[in-house]
Every structure is written in C-alpha cells, then in structure tokens.
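Enquirer: So I've got this file, input.cif, and it contains mmCIF, N, CA and C atoms and all ligand atoms; chains and numbers go by the auth columns:
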```cif
data_start
#
loop_
_atom_site.group_PDB
_atom_site.id
_atom_site.type_symbol
_atom_site.label_atom_id
_atom_site.label_comp_id
_atom_site.label_asym_id
_atom_site.label_seq_id
_atom_site.Cartn_x
_atom_site.Cartn_y
_atom_site.Cartn_z
_atom_site.B_iso_or_equiv
_atom_site.auth_seq_id
_atom_site.auth_asym_id
ATOM 1 N N MET A 1 -39.390 17.746 40.627 0.00 1 A
ATOM 2 C CA MET A 1 -40.309 17.428 41.718 0.00 1 A
ATOM 3 C C MET A 1 -41.740 17.584 41.227 0.00 1 A
ATOM 4 N N ASN A 2 -42.115 16.789 40.306 0.00 2 A
ATOM 5 C CA ASN A 2 -43.459 16.864 39.761 0.00 2 A
ATOM 6 C C ASN A 2 -44.275 15.708 40.309 0.00 2 A
ATOM 7 N N GLU A 3 -45.175 16.022 41.230 0.00 3 A
ATOM 8 C CA GLU A 3 -45.932 14.954 41.872 0.00 3 A
ATOM 9 C C GLU A 3 -47.331 14.797 41.314 0.00 3 A
ATOM 10 N N GLY A 4 -47.599 15.501 40.245 0.00 4 A
ATOM 11 C CA GLY A 4 -48.931 15.387 39.661 0.00 4 A
ATOM 12 C C GLY A 4 -49.155 13.990 39.116 0.00 4 A
ATOM 13 N N ARG A 5 -50.272 13.425 39.472 0.00 5 A
ATOM 14 C CA ARG A 5 -50.589 12.104 38.950 0.00 5 A
ATOM 15 C C ARG A 5 -51.139 12.222 37.540 0.00 5 A
ATOM 16 N N SER A 6 -50.563 11.500 36.660 0.00 6 A
ATOM 17 C CA SER A 6 -51.027 11.555 35.289 0.00 6 A
ATOM 18 C C SER A 6 -51.811 10.295 34.968 0.00 6 A
ATOM 19 N N THR A 7 -53.083 10.324 35.230 0.00 7 A
ATOM 20 C CA THR A 7 -53.902 9.201 34.805 0.00 7 A
ATOM 21 C C THR A 7 -53.939 9.180 33.291 0.00 7 A
ATOM 22 N N GLY A 8 -53.807 8.015 32.766 0.00 8 A
ATOM 23 C CA GLY A 8 -53.741 7.918 31.318 0.00 8 A
ATOM 24 C C GLY A 8 -52.320 8.011 30.809 0.00 8 A
ATOM 25 N N GLY A 9 -51.380 8.233 31.714 0.00 9 A
ATOM 26 C CA GLY A 9 -49.986 8.179 31.319 0.00 9 A
ATOM 27 C C GLY A 9 -49.652 6.769 30.895 0.00 9 A
ATOM 28 N N THR A 10 -48.804 6.618 29.945 0.00 10 A
ATOM 29 C CA THR A 10 -48.603 5.300 29.368 0.00 10 A
ATOM 30 C C THR A 10 -47.490 4.544 30.059 0.00 10 A
ATOM 31 N N ASP A 11 -46.414 5.188 30.405 0.00 11 A
ATOM 32 C CA ASP A 11 -45.226 4.481 30.846 0.00 11 A
ATOM 33 C C ASP A 11 -44.714 4.974 32.177 0.00 11 A
ATOM 34 N N ASP A 12 -45.582 4.969 33.168 0.00 12 A
ATOM 35 C CA ASP A 12 -45.137 5.327 34.507 0.00 12 A
ATOM 36 C C ASP A 12 -44.810 4.074 35.299 0.00 12 A
ATOM 37 N N CYS A 13 -43.749 4.157 36.081 0.00 13 A
ATOM 38 C CA CYS A 13 -43.358 3.041 36.931 0.00 13 A
ATOM 39 C C CYS A 13 -44.434 2.795 37.981 0.00 13 A
ATOM 40 N N LEU A 14 -44.802 1.527 38.129 0.00 14 A
ATOM 41 C CA LEU A 14 -45.842 1.206 39.107 0.00 14 A
ATOM 42 C C LEU A 14 -45.319 1.313 40.527 0.00 14 A
ATOM 43 N N ARG A 15 -44.021 1.281 40.671 0.00 15 A
ATOM 44 C CA ARG A 15 -43.443 1.270 42.008 0.00 15 A
ATOM 45 C C ARG A 15 -43.204 2.679 42.535 0.00 15 A
ATOM 46 N N CYS A 16 -42.547 3.491 41.731 0.00 16 A
ATOM 47 C CA CYS A 16 -42.176 4.815 42.221 0.00 16 A
ATOM 48 C C CYS A 16 -42.803 5.937 41.403 0.00 16 A
ATOM 49 N N GLY A 17 -43.463 5.586 40.315 0.00 17 A
ATOM 50 C CA GLY A 17 -44.118 6.603 39.507 0.00 17 A
ATOM 51 C C GLY A 17 -43.186 7.336 38.562 0.00 17 A
ATOM 52 N N GLY A 18 -41.942 6.892 38.514 0.00 18 A
ATOM 53 C CA GLY A 18 -40.989 7.513 37.597 0.00 18 A
ATOM 54 C C GLY A 18 -41.270 7.120 36.163 0.00 18 A
ATOM 55 N N ALA A 19 -40.538 7.719 35.281 0.00 19 A
ATOM 56 C CA ALA A 19 -40.732 7.435 33.867 0.00 19 A
ATOM 57 C C ALA A 19 -39.991 6.165 33.477 0.00 19 A
ATOM 58 N N LEU A 20 -40.685 5.311 32.749 0.00 20 A
ATOM 59 C CA LEU A 20 -40.047 4.098 32.257 0.00 20 A
ATOM 60 C C LEU A 20 -39.359 4.377 30.933 0.00 20 A
ATOM 61 N N SER A 21 -38.203 3.754 30.775 0.00 21 A
ATOM 62 C CA SER A 21 -37.489 3.881 29.521 0.00 21 A
ATOM 63 C C SER A 21 -37.644 2.589 28.729 0.00 21 A
ATOM 64 N N ALA A 22 -38.017 2.727 27.491 0.00 22 A
ATOM 65 C CA ALA A 22 -38.155 1.551 26.640 0.00 22 A
ATOM 66 C C ALA A 22 -36.779 0.996 26.315 0.00 22 A
ATOM 67 N N MET A 23 -36.604 -0.296 26.586 0.00 23 A
ATOM 68 C CA MET A 23 -35.318 -0.931 26.332 0.00 23 A
ATOM 69 C C MET A 23 -35.323 -1.714 25.029 0.00 23 A
ATOM 70 N N GLY A 24 -36.494 -1.763 24.412 0.00 24 A
ATOM 71 C CA GLY A 24 -36.591 -2.472 23.146 0.00 24 A
ATOM 72 C C GLY A 24 -37.378 -3.755 23.275 0.00 24 A
ATOM 73 N N ILE A 25 -37.402 -4.499 22.209 0.00 25 A
ATOM 74 C CA ILE A 25 -38.148 -5.755 22.173 0.00 25 A
ATOM 75 C C ILE A 25 -37.177 -6.915 22.353 0.00 25 A
ATOM 76 N N GLU A 26 -37.492 -7.757 23.327 0.00 26 A
ATOM 77 C CA GLU A 26 -36.686 -8.952 23.535 0.00 26 A
ATOM 78 C C GLU A 26 -37.536 -10.177 23.236 0.00 26 A
ATOM 79 N N GLN A 27 -36.887 -11.210 22.772 0.00 27 A
ATOM 80 C CA GLN A 27 -37.608 -12.433 22.471 0.00 27 A
ATOM 81 C C GLN A 27 -37.234 -13.516 23.461 0.00 27 A
ATOM 82 N N PHE A 28 -38.241 -14.257 23.906 0.00 28 A
ATOM 83 C CA PHE A 28 -38.029 -15.332 24.860 0.00 28 A
ATOM 84 C C PHE A 28 -38.579 -16.622 24.277 0.00 28 A
ATOM 85 N N ARG A 29 -37.932 -17.686 24.625 0.00 29 A
ATOM 86 C CA ARG A 29 -38.414 -18.977 24.140 0.00 29 A
ATOM 87 C C ARG A 29 -39.573 -19.453 25.008 0.00 29 A
ATOM 88 N N THR A 30 -40.600 -19.889 24.348 0.00 30 A
ATOM 89 C CA THR A 30 -41.688 -20.503 25.104 0.00 30 A
ATOM 90 C C THR A 30 -41.398 -21.982 25.300 0.00 30 A
ATOM 91 N N GLY A 31 -40.781 -22.575 24.307 0.00 31 A
ATOM 92 C CA GLY A 31 -40.368 -23.964 24.427 0.00 31 A
ATOM 93 C C GLY A 31 -41.515 -24.954 24.395 0.00 31 A
ATOM 94 N N GLY A 32 -42.692 -24.516 24.770 0.00 32 A
ATOM 95 C CA GLY A 32 -43.844 -25.392 24.732 0.00 32 A
ATOM 96 C C GLY A 32 -43.909 -26.338 25.915 0.00 32 A
ATOM 97 N N THR A 33 -42.937 -26.246 26.825 0.00 33 A
ATOM 98 C CA THR A 33 -42.929 -27.184 27.942 0.00 33 A
ATOM 99 C C THR A 33 -43.233 -26.488 29.268 0.00 33 A
ATOM 100 N N SER A 34 -42.918 -25.242 29.357 0.00 34 A
ATOM 101 C CA SER A 34 -43.129 -24.556 30.622 0.00 34 A
ATOM 102 C C SER A 34 -44.583 -24.107 30.741 0.00 34 A
ATOM 103 N N GLY A 35 -45.304 -24.715 31.652 0.00 35 A
ATOM 104 C CA GLY A 35 -46.721 -24.412 31.782 0.00 35 A
ATOM 105 C C GLY A 35 -46.991 -22.989 32.196 0.00 35 A
ATOM 106 N N GLY A 36 -46.003 -22.351 32.770 0.00 36 A
ATOM 107 C CA GLY A 36 -46.207 -20.982 33.227 0.00 36 A
ATOM 108 C C GLY A 36 -46.597 -20.048 32.109 0.00 36 A
ATOM 109 N N TRP A 37 -46.050 -20.293 30.951 0.00 37 A
ATOM 110 C CA TRP A 37 -46.402 -19.433 29.825 0.00 37 A
ATOM 111 C C TRP A 37 -47.880 -19.561 29.496 0.00 37 A
ATOM 112 N N LYS A 38 -48.370 -20.781 29.581 0.00 38 A
ATOM 113 C CA LYS A 38 -49.790 -20.960 29.273 0.00 38 A
ATOM 114 C C LYS A 38 -50.666 -20.293 30.319 0.00 38 A
ATOM 115 N N LEU A 39 -50.228 -20.363 31.560 0.00 39 A
ATOM 116 C CA LEU A 39 -50.999 -19.719 32.614 0.00 39 A
ATOM 117 C C LEU A 39 -51.051 -18.220 32.390 0.00 39 A
ATOM 118 N N LEU A 40 -49.926 -17.667 31.944 0.00 40 A
ATOM 119 C CA LEU A 40 -49.854 -16.225 31.784 0.00 40 A
ATOM 120 C C LEU A 40 -50.510 -15.760 30.493 0.00 40 A
ATOM 121 N N PHE A 41 -50.290 -16.524 29.452 0.00 41 A
ATOM 122 C CA PHE A 41 -50.664 -15.989 28.141 0.00 41 A
ATOM 123 C C PHE A 41 -51.670 -16.841 27.381 0.00 41 A
ATOM 124 N N GLY A 42 -52.058 -17.938 27.975 0.00 42 A
ATOM 125 C CA GLY A 42 -53.127 -18.726 27.380 0.00 42 A
ATOM 126 C C GLY A 42 -52.915 -19.017 25.914 0.00 42 A
ATOM 127 N N GLU A 43 -53.828 -18.536 25.118 0.00 43 A
ATOM 128 C CA GLU A 43 -53.820 -18.869 23.702 0.00 43 A
ATOM 129 C C GLU A 43 -52.582 -18.341 22.993 0.00 43 A
ATOM 130 N N MET A 44 -52.011 -17.273 23.522 0.00 44 A
ATOM 131 C CA MET A 44 -50.798 -16.767 22.877 0.00 44 A
ATOM 132 C C MET A 44 -49.709 -17.814 22.905 0.00 44 A
ATOM 133 N N ALA A 45 -49.631 -18.550 24.003 0.00 45 A
ATOM 134 C CA ALA A 45 -48.619 -19.591 24.101 0.00 45 A
ATOM 135 C C ALA A 45 -49.013 -20.826 23.304 0.00 45 A
ATOM 136 N N GLU A 46 -50.251 -20.858 22.871 0.00 46 A
ATOM 137 C CA GLU A 46 -50.741 -21.999 22.112 0.00 46 A
ATOM 138 C C GLU A 46 -50.573 -21.811 20.623 0.00 46 A
ATOM 139 N N LEU A 47 -50.064 -20.681 20.231 0.00 47 A
ATOM 140 C CA LEU A 47 -49.949 -20.393 18.812 0.00 47 A
ATOM 141 C C LEU A 47 -48.906 -21.270 18.134 0.00 47 A
ATOM 142 N N GLY A 48 -48.111 -21.944 18.909 0.00 48 A
ATOM 143 C CA GLY A 48 -47.126 -22.841 18.330 0.00 48 A
ATOM 144 C C GLY A 48 -45.825 -22.155 17.985 0.00 48 A
ATOM 145 N N GLU A 49 -45.696 -20.893 18.324 0.00 49 A
ATOM 146 C CA GLU A 49 -44.453 -20.205 18.048 0.00 49 A
ATOM 147 C C GLU A 49 -43.445 -20.517 19.134 0.00 49 A
ATOM 148 N N GLU A 50 -42.229 -20.637 18.729 0.00 50 A
ATOM 149 C CA GLU A 50 -41.214 -20.976 19.706 0.00 50 A
ATOM 150 C C GLU A 50 -40.725 -19.757 20.466 0.00 50 A
ATOM 151 N N MET A 51 -40.891 -18.621 19.847 0.00 51 A
ATOM 152 C CA MET A 51 -40.417 -17.400 20.480 0.00 51 A
ATOM 153 C C MET A 51 -41.593 -16.476 20.766 0.00 51 A
ATOM 154 N N ILE A 52 -41.498 -15.801 21.886 0.00 52 A
ATOM 155 C CA ILE A 52 -42.516 -14.813 22.208 0.00 52 A
ATOM 156 C C ILE A 52 -41.799 -13.496 22.497 0.00 52 A
ATOM 157 N N SER A 53 -42.361 -12.427 22.027 0.00 53 A
ATOM 158 C CA SER A 53 -41.702 -11.129 22.142 0.00 53 A
ATOM 159 C C SER A 53 -42.318 -10.303 23.259 0.00 53 A
ATOM 160 N N PHE A 54 -41.452 -9.642 23.984 0.00 54 A
ATOM 161 C CA PHE A 54 -41.914 -8.715 25.007 0.00 54 A
ATOM 162 C C PHE A 54 -41.236 -7.373 24.811 0.00 54 A
ATOM 163 N N ALA A 55 -41.984 -6.340 25.086 0.00 55 A
ATOM 164 C CA ALA A 55 -41.385 -5.019 25.159 0.00 55 A
ATOM 165 C C ALA A 55 -40.841 -4.838 26.570 0.00 55 A
ATOM 166 N N VAL A 56 -39.579 -4.470 26.666 0.00 56 A
ATOM 167 C CA VAL A 56 -38.923 -4.333 27.960 0.00 56 A
ATOM 168 C C VAL A 56 -38.819 -2.861 28.333 0.00 56 A
ATOM 169 N N PHE A 57 -39.299 -2.560 29.539 0.00 57 A
ATOM 170 C CA PHE A 57 -39.189 -1.197 30.042 0.00 57 A
ATOM 171 C C PHE A 57 -38.432 -1.222 31.361 0.00 57 A
ATOM 172 N N ALA A 58 -37.625 -0.222 31.589 0.00 58 A
ATOM 173 C CA ALA A 58 -36.884 -0.135 32.844 0.00 58 A
ATOM 174 C C ALA A 58 -37.067 1.245 33.452 0.00 58 A
ATOM 175 N N CYS A 59 -37.163 1.274 34.778 0.00 59 A
ATOM 176 C CA CYS A 59 -37.279 2.540 35.487 0.00 59 A
ATOM 177 C C CYS A 59 -35.888 3.011 35.882 0.00 59 A
ATOM 178 N N ARG A 60 -35.591 4.231 35.536 0.00 60 A
ATOM 179 C CA ARG A 60 -34.263 4.755 35.863 0.00 60 A
ATOM 180 C C ARG A 60 -34.133 5.092 37.334 0.00 60 A
ATOM 181 N N ASP A 61 -35.260 5.295 37.987 0.00 61 A
ATOM 182 C CA ASP A 61 -35.220 5.738 39.383 0.00 61 A
ATOM 183 C C ASP A 61 -35.025 4.579 40.347 0.00 61 A
ATOM 184 N N CYS A 62 -35.810 3.514 40.179 0.00 62 A
ATOM 185 C CA CYS A 62 -35.750 2.427 41.148 0.00 62 A
ATOM 186 C C CYS A 62 -35.244 1.131 40.541 0.00 62 A
ATOM 187 N N GLY A 63 -35.075 1.112 39.235 0.00 63 A
ATOM 188 C CA GLY A 63 -34.508 -0.070 38.607 0.00 63 A
ATOM 189 C C GLY A 63 -35.506 -1.162 38.304 0.00 63 A
ATOM 190 N N ARG A 64 -36.764 -0.894 38.532 0.00 64 A
ATOM 191 C CA ARG A 64 -37.771 -1.892 38.230 0.00 64 A
ATOM 192 C C ARG A 64 -37.817 -2.149 36.725 0.00 64 A
ATOM 193 N N VAL A 65 -37.955 -3.410 36.383 0.00 65 A
ATOM 194 C CA VAL A 65 -38.071 -3.789 34.974 0.00 65 A
ATOM 195 C C VAL A 65 -39.455 -4.365 34.735 0.00 65 A
ATOM 196 N N GLU A 66 -40.062 -3.927 33.670 0.00 66 A
ATOM 197 C CA GLU A 66 -41.381 -4.443 33.311 0.00 66 A
ATOM 198 C C GLU A 66 -41.322 -5.070 31.932 0.00 66 A
ATOM 199 N N LEU A 67 -42.028 -6.191 31.831 0.00 67 A
ATOM 200 C CA LEU A 67 -42.194 -6.812 30.516 0.00 67 A
ATOM 201 C C LEU A 67 -43.640 -6.616 30.085 0.00 67 A
ATOM 202 N N ARG A 68 -43.789 -6.236 28.845 0.00 68 A
ATOM 203 C CA ARG A 68 -45.145 -6.063 28.335 0.00 68 A
ATOM 204 C C ARG A 68 -45.257 -6.759 26.993 0.00 68 A
ATOM 205 N N VAL A 69 -46.443 -7.199 26.712 0.00 69 A
ATOM 206 C CA VAL A 69 -46.700 -7.774 25.398 0.00 69 A
ATOM 207 C C VAL A 69 -46.801 -6.640 24.406 0.00 69 A
ATOM 208 N N PRO A 70 -45.943 -6.638 23.420 0.00 70 A
ATOM 209 C CA PRO A 70 -46.035 -5.586 22.408 0.00 70 A
ATOM 210 C C PRO A 70 -47.300 -5.750 21.594 0.00 70 A
ATOM 211 N N ARG A 71 -48.059 -4.718 21.539 0.00 71 A
ATOM 212 C CA ARG A 71 -49.317 -4.784 20.821 0.00 71 A
ATOM 213 C C ARG A 71 -49.282 -3.866 19.614 0.00 71 A
ATOM 214 N N ALA A 72 -49.819 -4.375 18.537 0.00 72 A
ATOM 215 C CA ALA A 72 -49.931 -3.584 17.306 0.00 72 A
ATOM 216 C C ALA A 72 -48.570 -3.079 16.863 0.00 72 A
ATOM 217 N N ILE A 73 -47.582 -3.949 16.991 0.00 73 A
ATOM 218 C CA ILE A 73 -46.250 -3.581 16.526 0.00 73 A
ATOM 219 C C ILE A 73 -45.874 -4.499 15.369 0.00 73 A
ATOM 220 N N GLY A 74 -45.551 -3.898 14.270 0.00 74 A
ATOM 221 C CA GLY A 74 -45.041 -4.662 13.158 0.00 74 A
ATOM 222 C C GLY A 74 -46.106 -5.398 12.358 0.00 74 A
ATOM 223 N N SER A 75 -47.348 -5.084 12.569 0.00 75 A
ATOM 224 C CA SER A 75 -48.345 -5.767 11.749 0.00 75 A
ATOM 225 C C SER A 75 -49.463 -4.810 11.408 0.00 75 A
HETATM 226 ZN ZN ZN B . -39.503 3.155 39.529 0.00 101 B
#
```
Hey, can you dump this file as structure tokens for me?
Expert:
Amino acid sequence: MNEGRSTGGTDDCLRCGGALSAMGIEQFRTGGTSGGWKLLFGEMAELGEEMISFAVFACRDCGRVELRVPRAIGS
C-alpha cells in the first residue's frame, strides 16, 4: 500500500500507477502504406525500414499495455 507519488519514476502505469513490467522488444511492420504510422512517428516512418521496434510494457495490476519507442538501445 504505497501511495507515494514518484515523480521521475520511469515505468509507472498511467492508469493505476502500478509498476509496469517490460515484456521485451517487439517489431511491427510499417509496410509504408498505413498513414497512421506517419502521423504517429513522422520521419521515423519515413526512414524506409519495413519494421519498427517498440518496447512493450504491461501493467500487472490493470492489464494496461503500453508501447514505447525504444531509445538508445543497441546503438
Ligand atoms: Zn495499471
């Protein structure tokens, strides 16, 4: 029962404030045809790559799943 707000916490669930568990990196096809990717990611979707990687996090408390752009990973 820890209700302290941790500003600057990295992986708190936006819905219930629980801890998010990293599920790993998943790759999704951009395909180059779905305009939604461009709306969301702009130039990232313009890089010409067919696959885009997201870090997947899941909340154990409420089941919310979050996708994040992995930054500074592997390079
Ligand atoms: Zn949650």
Enquirer: Can you measure atom C of A:Gly17 to atom CA of A:Ala58 for me? One decimal in Å is fine.
Expert: 11.3 Å
Enquirer: Quick one: apply the PyMOL selection byres (((not hetatm) and name CA) within 7 of (chain B and resi 101)) to the file and drop the selected residues here as a list in words.
Expert: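 Output from the PyMOL selection byres (((not hetatm) and name CA) within 7 of (chain B and resi 101)), applied to this file: Cys13, Leu14, Arg15, Cys16, Gly17, Gly18, Cys59, Arg60, Asp61, Cys62, Gly63 and Arg64 of chain A.
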Enquirer: May I ask for the distance between atom N of A:Gln27 and atom N of A:Met51, given in Å to one decimal place?
Expert: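 These atoms are spaced 8.9 Å apart.
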Enquirer: Using the chain letters and numbering of this document, enumerate as a PyMOL selection string the residues selected by the PyMOL selection byres (((chain A and resi 70 and name CA) around 12) and not hetatm and name CA).
Expert: chain A and resi 22+24-27+52-57+66-69+71-75
Enquirer: Would you compute the distance between atom N of A:Asp11 and atom N of A:Val65? Give it in Å to one decimal.
Expert: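 Between atom N of A:Asp11 and atom N of A:Val65 the gap is 13.5 Å.
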Enquirer: Generate the missing atoms of stretch 50-75 of chain A up to N, CA, C and O atoms and report them as a PDB file, keeping the file's coordinate frame.
Expert:
```
ATOM      1  N   GLU A  50     -42.229 -20.637  18.729  1.00  0.00           N
ATOM      2  CA  GLU A  50     -41.214 -20.976  19.706  1.00  0.00           C
ATOM      3  C   GLU A  50     -40.725 -19.757  20.466  1.00  0.00           C
ATOM      4  O   GLU A  50     -40.207 -19.862  21.558  1.00  0.00           O
ATOM      5  N   MET A  51     -40.891 -18.621  19.847  1.00  0.00           N
ATOM      6  CA  MET A  51     -40.417 -17.400  20.480  1.00  0.00           C
ATOM      7  C   MET A  51     -41.593 -16.476  20.766  1.00  0.00           C
ATOM      8  O   MET A  51     -42.544 -16.404  20.003  1.00  0.00           O
ATOM      9  N   ILE A  52     -41.498 -15.801  21.886  1.00  0.00           N
ATOM     10  CA  ILE A  52     -42.516 -14.813  22.208  1.00  0.00           C
ATOM     11  C   ILE A  52     -41.799 -13.496  22.497  1.00  0.00           C
ATOM     12  O   ILE A  52     -40.732 -13.478  23.096  1.00  0.00           O
ATOM     13  N   SER A  53     -42.361 -12.427  22.027  1.00  0.00           N
ATOM     14  CA  SER A  53     -41.702 -11.129  22.142  1.00  0.00           C
ATOM     15  C   SER A  53     -42.318 -10.303  23.259  1.00  0.00           C
ATOM     16  O   SER A  53     -43.531 -10.294  23.439  1.00  0.00           O
ATOM     17  N   PHE A  54     -41.452  -9.642  23.984  1.00  0.00           N
ATOM     18  CA  PHE A  54     -41.914  -8.715  25.007  1.00  0.00           C
ATOM     19  C   PHE A  54     -41.236  -7.373  24.811  1.00  0.00           C
ATOM     20  O   PHE A  54     -40.066  -7.305  24.449  1.00  0.00           O
ATOM     21  N   ALA A  55     -41.984  -6.340  25.086  1.00  0.00           N
ATOM     22  CA  ALA A  55     -41.385  -5.019  25.159  1.00  0.00           C
ATOM     23  C   ALA A  55     -40.841  -4.838  26.570  1.00  0.00           C
ATOM     24  O   ALA A  55     -41.546  -5.060  27.546  1.00  0.00           O
ATOM     25  N   VAL A  56     -39.579  -4.470  26.666  1.00  0.00           N
ATOM     26  CA  VAL A  56     -38.923  -4.333  27.960  1.00  0.00           C
ATOM     27  C   VAL A  56     -38.819  -2.861  28.333  1.00  0.00           C
ATOM     28  O   VAL A  56     -38.335  -2.053  27.552  1.00  0.00           O
ATOM     29  N   PHE A  57     -39.299  -2.560  29.539  1.00  0.00           N
ATOM     30  CA  PHE A  57     -39.189  -1.197  30.042  1.00  0.00           C
ATOM     31  C   PHE A  57     -38.432  -1.222  31.361  1.00  0.00           C
ATOM     32  O   PHE A  57     -38.594  -2.144  32.162  1.00  0.00           O
ATOM     33  N   ALA A  58     -37.625  -0.222  31.589  1.00  0.00           N
ATOM     34  CA  ALA A  58     -36.884  -0.135  32.844  1.00  0.00           C
ATOM     35  C   ALA A  58     -37.067   1.245  33.452  1.00  0.00           C
ATOM     36  O   ALA A  58     -37.136   2.250  32.748  1.00  0.00           O
ATOM     37  N   CYS A  59     -37.163   1.274  34.778  1.00  0.00           N
ATOM     38  CA  CYS A  59     -37.279   2.540  35.487  1.00  0.00           C
ATOM     39  C   CYS A  59     -35.888   3.011  35.882  1.00  0.00           C
ATOM     40  O   CYS A  59     -35.127   2.277  36.503  1.00  0.00           O
ATOM     41  N   ARG A  60     -35.591   4.231  35.536  1.00  0.00           N
ATOM     42  CA  ARG A  60     -34.263   4.755  35.863  1.00  0.00           C
ATOM     43  C   ARG A  60     -34.133   5.092  37.334  1.00  0.00           C
ATOM     44  O   ARG A  60     -33.037   5.182  37.874  1.00  0.00           O
ATOM     45  N   ASP A  61     -35.260   5.295  37.987  1.00  0.00           N
ATOM     46  CA  ASP A  61     -35.220   5.738  39.383  1.00  0.00           C
ATOM     47  C   ASP A  61     -35.025   4.579  40.347  1.00  0.00           C
ATOM     48  O   ASP A  61     -34.194   4.638  41.246  1.00  0.00           O
ATOM     49  N   CYS A  62     -35.810   3.514  40.179  1.00  0.00           N
ATOM     50  CA  CYS A  62     -35.750   2.427  41.148  1.00  0.00           C
ATOM     51  C   CYS A  62     -35.244   1.131  40.541  1.00  0.00           C
ATOM     52  O   CYS A  62     -35.011   0.159  41.255  1.00  0.00           O
ATOM     53  N   GLY A  63     -35.075   1.112  39.235  1.00  0.00           N
ATOM     54  CA  GLY A  63     -34.508  -0.070  38.607  1.00  0.00           C
ATOM     55  C   GLY A  63     -35.506  -1.162  38.304  1.00  0.00           C
ATOM     56  O   GLY A  63     -35.141  -2.242  37.855  1.00  0.00           O
ATOM     57  N   ARG A  64     -36.764  -0.894  38.532  1.00  0.00           N
ATOM     58  CA  ARG A  64     -37.771  -1.892  38.230  1.00  0.00           C
ATOM     59  C   ARG A  64     -37.817  -2.149  36.725  1.00  0.00           C
ATOM     60  O   ARG A  64     -37.736  -1.228  35.928  1.00  0.00           O
ATOM     61  N   VAL A  65     -37.955  -3.410  36.383  1.00  0.00           N
ATOM     62  CA  VAL A  65     -38.071  -3.789  34.974  1.00  0.00           C
ATOM     63  C   VAL A  65     -39.455  -4.365  34.735  1.00  0.00           C
ATOM     64  O   VAL A  65     -39.943  -5.181  35.523  1.00  0.00           O
ATOM     65  N   GLU A  66     -40.062  -3.927  33.670  1.00  0.00           N
ATOM     66  CA  GLU A  66     -41.381  -4.443  33.311  1.00  0.00           C
ATOM     67  C   GLU A  66     -41.322  -5.070  31.932  1.00  0.00           C
ATOM     68  O   GLU A  66     -40.677  -4.559  31.024  1.00  0.00           O
ATOM     69  N   LEU A  67     -42.028  -6.191  31.831  1.00  0.00           N
ATOM     70  CA  LEU A  67     -42.194  -6.812  30.516  1.00  0.00           C
ATOM     71  C   LEU A  67     -43.640  -6.616  30.085  1.00  0.00           C
ATOM     72  O   LEU A  67     -44.555  -6.825  30.860  1.00  0.00           O
ATOM     73  N   ARG A  68     -43.789  -6.236  28.845  1.00  0.00           N
ATOM     74  CA  ARG A  68     -45.145  -6.063  28.335  1.00  0.00           C
ATOM     75  C   ARG A  68     -45.257  -6.759  26.993  1.00  0.00           C
ATOM     76  O   ARG A  68     -44.300  -6.844  26.234  1.00  0.00           O
ATOM     77  N   VAL A  69     -46.443  -7.199  26.712  1.00  0.00           N
ATOM     78  CA  VAL A  69     -46.700  -7.774  25.398  1.00  0.00           C
ATOM     79  C   VAL A  69     -46.801  -6.640  24.406  1.00  0.00           C
ATOM     80  O   VAL A  69     -47.632  -5.744  24.575  1.00  0.00           O
ATOM     81  N   PRO A  70     -45.943  -6.638  23.420  1.00  0.00           N
ATOM     82  CA  PRO A  70     -46.035  -5.586  22.408  1.00  0.00           C
ATOM     83  C   PRO A  70     -47.300  -5.750  21.594  1.00  0.00           C
ATOM     84  O   PRO A  70     -47.583  -6.825  21.069  1.00  0.00           O
ATOM     85  N   ARG A  71     -48.059  -4.718  21.539  1.00  0.00           N
ATOM     86  CA  ARG A  71     -49.317  -4.784  20.821  1.00  0.00           C
ATOM     87  C   ARG A  71     -49.282  -3.866  19.614  1.00  0.00           C
ATOM     88  O   ARG A  71     -48.790  -2.760  19.677  1.00  0.00           O
ATOM     89  N   ALA A  72     -49.819  -4.375  18.537  1.00  0.00           N
ATOM     90  CA  ALA A  72     -49.931  -3.584  17.306  1.00  0.00           C
ATOM     91  C   ALA A  72     -48.570  -3.079  16.863  1.00  0.00           C
ATOM     92  O   ALA A  72     -48.400  -1.945  16.478  1.00  0.00           O
ATOM     93  N   ILE A  73     -47.582  -3.949  16.991  1.00  0.00           N
ATOM     94  CA  ILE A  73     -46.250  -3.581  16.526  1.00  0.00           C
ATOM     95  C   ILE A  73     -45.874  -4.499  15.369  1.00  0.00           C
ATOM     96  O   ILE A  73     -45.896  -5.707  15.500  1.00  0.00           O
ATOM     97  N   GLY A  74     -45.551  -3.898  14.270  1.00  0.00           N
ATOM     98  CA  GLY A  74     -45.041  -4.662  13.158  1.00  0.00           C
ATOM     99  C   GLY A  74     -46.106  -5.398  12.358  1.00  0.00           C
ATOM    100  O   GLY A  74     -45.775  -6.253  11.559  1.00  0.00           O
ATOM    101  N   SER A  75     -47.348  -5.084  12.569  1.00  0.00           N
ATOM    102  CA  SER A  75     -48.345  -5.767  11.749  1.00  0.00           C
ATOM    103  C   SER A  75     -49.463  -4.810  11.408  1.00  0.00           C
ATOM    104  O   SER A  75     -50.051  -4.208  12.181  1.00  0.00           O
TER     105      SER A  75
END
```
